[in-house]
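Trainee: Input structure: query_25.cif, which contains mmCIF, C-alpha atoms and all ligand atoms.
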```
data_input
loop_
_atom_site.label_atom_id
_atom_site.label_comp_id
_atom_site.auth_asym_id
_atom_site.auth_seq_id
_atom_site.Cartn_x
_atom_site.Cartn_y
_atom_site.Cartn_z
CA MET A 1 12.49 8.28 -53.49
CA ASN A 2 12.50 11.84 -52.16
CA SER A 3 15.13 14.24 -53.48
CA LEU A 4 17.04 14.46 -50.16
CA LEU A 5 17.45 10.68 -50.04
CA ALA A 6 18.47 10.59 -53.71
CA GLU A 7 21.11 13.29 -53.07
CA LYS A 8 22.43 11.40 -50.03
CA LYS A 9 22.80 8.21 -52.06
CA ARG A 10 24.40 10.07 -54.93
CA ARG A 11 27.05 11.49 -52.57
CA ILE A 12 27.75 8.11 -50.94
CA ALA A 13 28.08 6.46 -54.35
CA TYR A 14 30.33 9.28 -55.63
CA GLN A 15 32.70 9.20 -52.63
CA PHE A 16 33.12 5.42 -52.72
CA SER A 17 33.51 5.40 -56.51
CA GLN A 18 36.32 7.97 -56.22
CA SER A 19 38.13 5.75 -53.71
CA ALA A 20 37.64 2.42 -55.45
CA HIS A 21 41.14 2.25 -57.02
CA ARG A 22 42.94 2.64 -53.67
CA TYR A 23 40.39 1.05 -51.33
CA ASP A 24 42.07 -2.36 -50.99
CA ASP A 25 45.46 -0.80 -50.20
CA ILE A 26 44.21 1.18 -47.22
CA ALA A 27 41.02 -0.42 -45.87
CA GLN A 28 42.85 -2.77 -43.48
CA VAL A 29 40.50 -2.69 -40.49
CA GLN A 30 37.58 -3.33 -42.88
CA LEU A 31 39.43 -6.45 -44.08
CA ASP A 32 39.96 -7.69 -40.51
CA ILE A 33 36.25 -7.19 -39.83
CA GLY A 34 35.43 -8.95 -43.12
CA PHE A 35 37.49 -12.02 -42.18
CA ASP A 36 35.68 -12.20 -38.83
CA ALA A 37 32.32 -11.90 -40.61
CA ILE A 38 33.16 -14.62 -43.16
CA GLN A 39 33.86 -17.03 -40.29
CA LEU A 40 30.18 -16.70 -39.35
CA VAL A 41 28.88 -17.75 -42.78
CA THR A 42 27.76 -21.34 -42.40
CA GLY A 43 24.80 -21.52 -44.80
CA ASN A 44 24.09 -24.01 -47.56
CA LYS A 45 27.33 -24.04 -49.60
CA SER A 46 25.66 -25.42 -52.69
CA GLY A 47 23.29 -22.45 -52.79
CA ARG A 48 23.52 -18.85 -54.00
CA LEU A 49 24.97 -16.02 -51.91
CA LEU A 50 24.38 -12.27 -52.24
CA ASP A 51 27.06 -9.84 -50.94
CA ILE A 52 25.45 -6.41 -50.38
CA GLY A 53 27.77 -3.38 -50.48
CA CYS A 54 30.53 -5.60 -51.83
CA GLY A 55 32.91 -2.72 -52.62
CA THR A 56 35.89 -3.97 -54.62
CA GLY A 57 34.69 -7.56 -54.18
CA ARG A 58 37.64 -8.79 -52.13
CA LEU A 59 35.33 -10.56 -49.65
CA THR A 60 32.94 -11.65 -52.41
CA GLN A 61 35.88 -13.41 -54.07
CA ARG A 62 36.65 -15.37 -50.89
CA LEU A 63 32.98 -16.31 -50.54
CA ALA A 64 32.94 -17.47 -54.17
CA ASP A 65 35.59 -20.04 -53.27
CA LYS A 66 33.13 -21.56 -50.78
CA PHE A 67 29.76 -21.19 -52.52
CA GLN A 68 28.37 -22.41 -55.82
CA GLY A 69 27.27 -18.99 -57.00
CA VAL A 70 27.96 -15.53 -55.61
CA THR A 71 26.58 -12.13 -56.62
CA GLY A 72 28.08 -8.86 -55.38
CA VAL A 73 26.11 -5.61 -55.49
CA ASP A 74 27.14 -2.06 -54.65
CA LEU A 75 25.67 1.41 -54.99
CA ALA A 76 28.96 2.82 -56.31
CA THR A 77 29.61 2.25 -60.01
CA GLY A 78 33.37 2.76 -59.45
CA MET A 79 33.42 -0.03 -56.87
CA ILE A 80 31.62 -2.44 -59.21
CA GLU A 81 34.00 -1.60 -62.08
CA GLN A 82 36.93 -2.32 -59.75
CA ALA A 83 35.28 -5.53 -58.50
CA LYS A 84 34.86 -6.81 -62.07
CA LYS A 85 38.47 -5.94 -62.92
CA CYS A 86 40.00 -7.48 -59.76
CA ASN A 87 37.88 -10.62 -59.53
CA PRO A 88 37.55 -12.26 -62.94
CA ALA A 89 35.11 -15.17 -62.92
CA LYS A 90 37.82 -17.58 -64.12
CA ASN A 91 39.73 -17.20 -60.82
CA THR A 92 36.94 -18.53 -58.62
CA LYS A 93 35.67 -22.04 -57.96
CA GLY A 94 32.00 -21.00 -58.07
CA HIS A 95 30.21 -18.53 -60.37
CA ILE A 96 30.69 -14.84 -59.50
CA ASP A 97 29.01 -11.72 -60.87
CA PHE A 98 28.77 -8.05 -59.89
CA HIS A 99 26.04 -5.42 -60.38
CA VAL A 100 25.36 -1.82 -59.42
CA ALA A 101 22.35 -1.97 -57.09
CA ASP A 102 20.90 -0.33 -54.01
CA ALA A 103 20.51 -2.37 -50.80
CA GLU A 104 17.17 -0.63 -50.30
CA ALA A 105 15.73 -1.74 -53.67
CA LEU A 106 17.40 -5.03 -54.62
CA PRO A 107 16.80 -5.98 -58.27
CA PHE A 108 16.15 -9.66 -57.47
CA ALA A 109 13.08 -11.86 -57.22
CA ASP A 110 11.70 -12.97 -53.84
CA LYS A 111 13.54 -15.94 -52.26
CA SER A 112 16.33 -15.97 -54.83
CA PHE A 113 19.31 -16.36 -52.44
CA ASP A 114 20.19 -18.97 -49.82
CA ASN A 115 22.62 -16.64 -48.08
CA VAL A 116 23.00 -12.92 -47.71
CA PHE A 117 26.27 -11.37 -46.54
CA SER A 118 27.01 -7.72 -45.93
CA CYS A 119 30.09 -6.20 -44.33
CA MET A 120 30.54 -2.56 -43.30
CA ALA A 121 27.89 -1.31 -45.73
CA LEU A 122 24.42 -1.24 -44.18
CA GLN A 123 25.24 1.55 -41.71
CA TRP A 124 24.93 3.76 -44.80
CA CYS A 125 21.26 2.81 -45.17
CA THR A 126 19.15 5.07 -42.99
CA PRO A 127 16.63 4.13 -41.80
CA ILE A 128 17.94 0.58 -41.87
CA GLN A 129 14.52 -1.12 -41.89
CA THR A 130 14.10 -0.99 -45.68
CA SER A 131 17.35 -2.85 -46.37
CA LEU A 132 16.56 -5.47 -43.71
CA ASP A 133 13.11 -5.98 -45.26
CA GLU A 134 14.80 -6.40 -48.64
CA ILE A 135 17.18 -9.01 -47.22
CA ASN A 136 14.21 -10.91 -45.79
CA ARG A 137 12.44 -10.72 -49.15
CA VAL A 138 15.31 -12.10 -51.27
CA LEU A 139 16.25 -14.90 -48.82
CA THR A 140 14.79 -18.37 -49.19
CA ASP A 141 12.79 -19.65 -46.20
CA GLN A 142 15.77 -21.64 -44.90
CA GLY A 143 18.18 -18.86 -45.85
CA LYS A 144 20.73 -17.24 -43.56
CA GLY A 145 22.08 -13.72 -43.35
CA VAL A 146 25.39 -12.56 -41.89
CA LEU A 147 25.77 -8.83 -41.35
CA ALA A 148 28.63 -6.79 -39.89
CA LEU A 149 28.01 -3.09 -39.51
CA LEU A 150 29.11 -0.11 -37.47
CA SER A 151 27.10 0.70 -34.36
CA ALA A 152 26.95 3.45 -31.76
CA GLY A 153 30.25 4.18 -30.05
CA SER A 154 32.16 3.98 -33.32
CA MET A 155 34.59 6.88 -33.76
CA VAL A 156 33.69 8.18 -30.34
CA GLU A 157 37.07 9.96 -30.21
CA LEU A 158 36.13 11.95 -33.33
CA HIS A 159 32.70 12.84 -31.94
CA LYS A 160 34.17 14.08 -28.68
CA THR A 161 36.98 16.04 -30.29
CA TRP A 162 34.83 17.80 -32.90
CA ALA A 163 32.30 18.66 -30.18
CA LYS A 164 35.06 20.62 -28.43
CA VAL A 165 36.18 22.37 -31.65
CA ASP A 166 32.75 23.52 -32.87
CA ALA A 167 29.17 22.35 -33.01
CA VAL A 168 29.20 21.16 -36.65
CA PRO A 169 28.34 17.42 -36.83
CA ARG A 170 31.13 15.88 -38.94
CA VAL A 171 30.76 12.24 -37.97
CA ASN A 172 27.94 9.83 -38.80
CA GLN A 173 25.53 8.85 -36.05
CA PHE A 174 25.21 5.06 -35.79
CA LEU A 175 22.36 3.01 -34.34
CA SER A 176 23.03 1.16 -31.09
CA HIS A 177 23.61 -2.58 -31.15
CA ARG A 178 20.20 -3.08 -29.48
CA GLU A 179 18.47 -0.88 -32.07
CA LEU A 180 20.03 -2.94 -34.87
CA VAL A 181 18.93 -6.21 -33.29
CA SER A 182 15.38 -4.83 -32.78
CA ALA A 183 15.22 -3.68 -36.41
CA ALA A 184 16.25 -7.17 -37.62
CA ILE A 185 13.59 -8.79 -35.41
CA LYS A 186 11.01 -6.32 -36.79
CA SER A 187 11.92 -7.43 -40.32
CA GLY A 188 11.02 -11.02 -39.40
CA PHE A 189 14.35 -12.55 -38.33
CA SER A 190 15.59 -14.57 -35.39
CA VAL A 191 18.92 -13.02 -34.48
CA GLU A 192 22.17 -14.29 -32.99
CA GLU A 193 24.39 -11.34 -32.22
CA HIS A 194 27.60 -10.08 -30.71
CA GLN A 195 29.68 -6.92 -30.76
CA LYS A 196 33.40 -6.40 -31.11
CA THR A 197 35.61 -3.31 -30.87
CA TYR A 198 38.43 -2.74 -33.38
CA THR A 199 40.95 0.05 -32.93
CA THR A 200 43.22 1.60 -35.53
CA TRP A 201 46.27 3.68 -34.52
CA HIS A 202 47.57 6.75 -36.32
CA GLN A 203 50.70 8.90 -36.14
CA THR A 204 48.91 12.22 -36.57
CA ALA A 205 45.39 13.62 -36.61
CA ILE A 206 45.71 14.21 -40.36
CA HIS A 207 46.65 10.57 -40.96
CA LEU A 208 43.63 9.58 -38.87
CA LEU A 209 41.20 11.79 -40.82
CA ASN A 210 42.70 10.57 -44.10
CA SER A 211 42.14 6.94 -43.07
CA ILE A 212 38.41 7.70 -43.33
CA ARG A 213 38.51 10.13 -46.26
CA HIS A 214 40.72 7.98 -48.50
CA ILE A 215 38.37 5.00 -48.42
CA GLY A 216 35.41 7.25 -49.29
CA ALA A 217 33.66 6.96 -45.93
CA ASN A 218 33.63 10.67 -45.16
CA VAL A 219 30.05 11.46 -46.19
CA VAL A 220 27.89 12.71 -43.37
CA PRO A 221 24.42 12.38 -44.92
CA GLU A 222 22.72 14.80 -42.55
CA THR A 223 25.04 17.74 -43.13
CA GLY A 224 27.05 17.05 -46.27
CA ASN A 225 30.83 16.84 -46.41
CA HIS A 226 31.37 19.79 -48.69
CA ARG A 227 32.26 22.29 -45.96
CA ARG A 228 36.00 22.87 -46.08
CA LEU A 229 37.75 22.93 -42.74
CA SER A 230 39.70 26.02 -41.83
CA ARG A 231 43.38 25.57 -40.94
CA GLN A 232 42.55 26.89 -37.50
CA SER A 233 39.80 24.27 -36.88
CA LEU A 234 42.11 21.50 -38.06
CA ALA A 235 44.92 22.64 -35.80
CA GLU A 236 42.53 22.85 -32.86
CA PHE A 237 41.17 19.39 -33.70
CA ALA A 238 44.69 17.94 -33.74
CA ARG A 239 45.63 19.63 -30.47
CA ILE A 240 42.56 18.34 -28.61
CA TYR A 241 42.75 14.83 -30.08
CA ASN A 242 46.39 14.55 -29.00
CA GLN A 243 45.71 15.98 -25.58
CA ASP A 244 42.68 13.73 -24.86
CA PHE A 245 43.51 10.44 -26.60
CA ALA A 246 47.19 9.99 -27.50
CA ILE A 247 48.87 6.93 -26.03
CA ASN A 248 52.63 6.68 -26.53
CA GLY A 249 52.37 9.27 -29.30
CA GLN A 250 49.75 7.29 -31.28
CA LEU A 251 46.13 8.32 -31.85
CA PRO A 252 43.40 5.66 -31.58
CA LEU A 253 40.19 5.47 -33.61
CA SER A 254 37.63 2.91 -32.50
CA TYR A 255 35.13 0.94 -34.56
CA GLU A 256 32.24 -0.76 -32.74
CA VAL A 257 31.01 -3.54 -34.98
CA SER A 258 27.70 -5.37 -34.61
CA PHE A 259 27.65 -8.90 -36.01
CA LEU A 260 24.14 -10.24 -36.70
CA ILE A 261 23.35 -13.78 -37.85
CA LEU A 262 19.83 -13.83 -39.26
CA SER A 263 17.41 -16.72 -39.76
CA LYS A 264 13.97 -16.13 -41.24
CA ASN A 265 10.95 -16.66 -39.02
CA ILE A 266 8.65 -18.88 -41.06
C1 LIG A 301 33.28 0.40 -46.33
S1 LIG A 301 32.79 -0.21 -47.90
C2 LIG A 301 32.76 -1.97 -47.58
C3 LIG A 301 33.08 -2.80 -48.81
C4 LIG A 301 33.20 -4.29 -48.58
N1 LIG A 301 31.96 -4.87 -48.10
C5 LIG A 301 34.33 -4.58 -47.61
O1 LIG A 301 34.02 -4.96 -46.46
O2 LIG A 301 35.50 -4.43 -47.99
C6 LIG A 301 31.05 0.17 -47.92
C7 LIG A 301 30.41 -0.09 -49.28
O3 LIG A 301 28.98 0.01 -49.13
C8 LIG A 301 28.47 0.57 -50.32
N2 LIG A 301 27.10 1.09 -50.08
C9 LIG A 301 26.73 2.17 -49.33
N3 LIG A 301 25.39 2.32 -49.37
C10 LIG A 301 24.91 1.31 -50.15
C11 LIG A 301 23.60 0.95 -50.59
N4 LIG A 301 22.50 1.65 -50.23
N5 LIG A 301 23.47 -0.13 -51.40
C12 LIG A 301 24.56 -0.85 -51.79
N6 LIG A 301 25.82 -0.53 -51.42
C13 LIG A 301 26.00 0.53 -50.61
C14 LIG A 301 29.49 1.65 -50.67
O4 LIG A 301 29.39 2.09 -52.02
C15 LIG A 301 30.80 0.94 -50.34
O5 LIG A 301 31.34 0.29 -51.46
#
```
What does the file become when written as structure tokens?
Ligand SMILES: C[S@@+](CC[C@H](N)C(=O)[O-])C[C@H]1O[C@@H](n2cnc3c(N)ncnc32)[C@H](O)[C@@H]1O
Mentor:
Amino acid sequence: MNSLLAEKKRRIAYQFSQSAHRYDDIAQVQLDIGFDAIQLVTGNKSGRLLDIGCGTGRLTQRLADKFQGVTGVDLATGMIEQAKKCNPAKNTKGHIDFHVADAEALPFADKSFDNVFSCMALQWCTPIQTSLDEINRVLTDQGKGVLALLSAGSMVELHKTWAKVDAVPRVNQFLSHRELVSAAIKSGFSVEEHQKTYTTWHQTAIHLLNSIRHIGANVVPETGNHRRLSRQSLAEFARIYNQDFAINGQLPLSYEVSFLILSKNI
């Protein structure tokens, strides 16, 4: 792995680890998306399921009630510690375990899972092809994958507002829905897909920025997130966001989510 990629992963893991203790209290839209994604999981219930980027394991736990054996993996050590603490094996019907692991280098043998699930995590893997290839590798021939991830158009309000404040890219660039589908096909999958928009509403621009920062999702791999914002830039950001997007005094933030159901081409 080159040093730039290693540094990017280290920052993502650090940010999410720092947020692990409060993640479940504030990541509400992620939970709504997770419930929608779980509805799509129809694979062999007696088989094994892998949840990639499981975070605190709150979705893994629900999947463990449906499947015989479930494994959650995450890049962030803090998330895995929280997942182990919050989801003791004795509370689930099936077997559950958690490990620190990278979606782009899964520590599992070929064809070792009947189902792969991943919610709101794989947009962090750039380019995405490696993680899709890994999913194909660890799935059994009859295996199914269900992925939910952010796609282009997400946080468009942030993009547009920052562009008017200054030219510094402060928001992640996401692949388009079509690009995600093409990447999955390239990795050897047949794909059923749809997209859905979720919108969160915030009282102030600071609340809105904190909704991203407090869950640990404020890393912009290309530029880093270490540049402190001046008071002046923040005030200008808030003024423009309010002027361009406020509805009845509330500020919207949109999430475009791509849902992909994957079957292996064999
Ligand atoms: C927004 S959280 C989603 C957590 C959980 N899936 C949920 O929906 O509540 C994204 C998670 O992806 C993890 N992640 C990011 N890049 C990853 C990678 N390369 N491999 C494994 N996990 C990764 C982060 O550490 C974080 O816990």
Trainee: Mind checking which residues fall within 10 Å of A:Lys9, counting all atoms listed in the file, ignoring those fewer than 2 positions away in the same chain, and posting them as a PDB file with C-alpha atoms, in the frame of the given file?
Mentor:
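Just written: part16.pdb:
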```
ATOM      1  CA  SER A   3      15.130  14.240 -53.480  1.00  0.00           C
ATOM      2  CA  LEU A   4      17.040  14.460 -50.160  1.00  0.00           C
ATOM      3  CA  LEU A   5      17.450  10.680 -50.040  1.00  0.00           C
ATOM      4  CA  ALA A   6      18.470  10.590 -53.710  1.00  0.00           C
ATOM      5  CA  GLU A   7      21.110  13.290 -53.070  1.00  0.00           C
ATOM      6  CA  ARG A  11      27.050  11.490 -52.570  1.00  0.00           C
ATOM      7  CA  ILE A  12      27.750   8.110 -50.940  1.00  0.00           C
ATOM      8  CA  ALA A  13      28.080   6.460 -54.350  1.00  0.00           C
ATOM      9  CA  TYR A  14      30.330   9.280 -55.630  1.00  0.00           C
ATOM     10  CA  GLN A  15      32.700   9.200 -52.630  1.00  0.00           C
ATOM     11  CA  LEU A  75      25.670   1.410 -54.990  1.00  0.00           C
ATOM     12  CA  ALA A  76      28.960   2.820 -56.310  1.00  0.00           C
ATOM     13  CA  ASP A 102      20.900  -0.330 -54.010  1.00  0.00           C
ATOM     14  CA  TRP A 124      24.930   3.760 -44.800  1.00  0.00           C
ATOM     15  CA  CYS A 125      21.260   2.810 -45.170  1.00  0.00           C
ATOM     16  CA  VAL A 219      30.050  11.460 -46.190  1.00  0.00           C
ATOM     17  CA  PRO A 221      24.420  12.380 -44.920  1.00  0.00           C
TER      18      PRO A 221
END
```
Trainee: Mind listing whatever residues come within 12 Å of the point (32.0, 26.7, -33.4)? Use all atoms listed in the file, file coordinates, and give them as a list in words.
Mentor: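 Output of the proximity query reads Trp162, Ala163, Lys164, Val165, Asp166, Ala167, Val168, Pro169, Leu229, Ser230, Gln232, Ser233, Glu236 and Phe237 of chain A.
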Trainee: I'd like the interatomic distance between atom CA of A:Ala20 and atom CA of A:Cys119, to a tenth of an Å.
Mentor: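 Spanning atom CA of A:Ala20 to atom CA of A:Cys119 is a straight-line distance of 16.0 Å.
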Trainee: Nearest to A:Ala64 among A:Gly94, A:Cys86, A:Asp51, A:Val138, with distances taken over only C-alpha atoms: which residue is it?
Mentor: A:Gly94
Trainee: How many Å separate atom CA of A:Thr126 from atom CA of A:Lys160?
Mentor: 22.6 Å
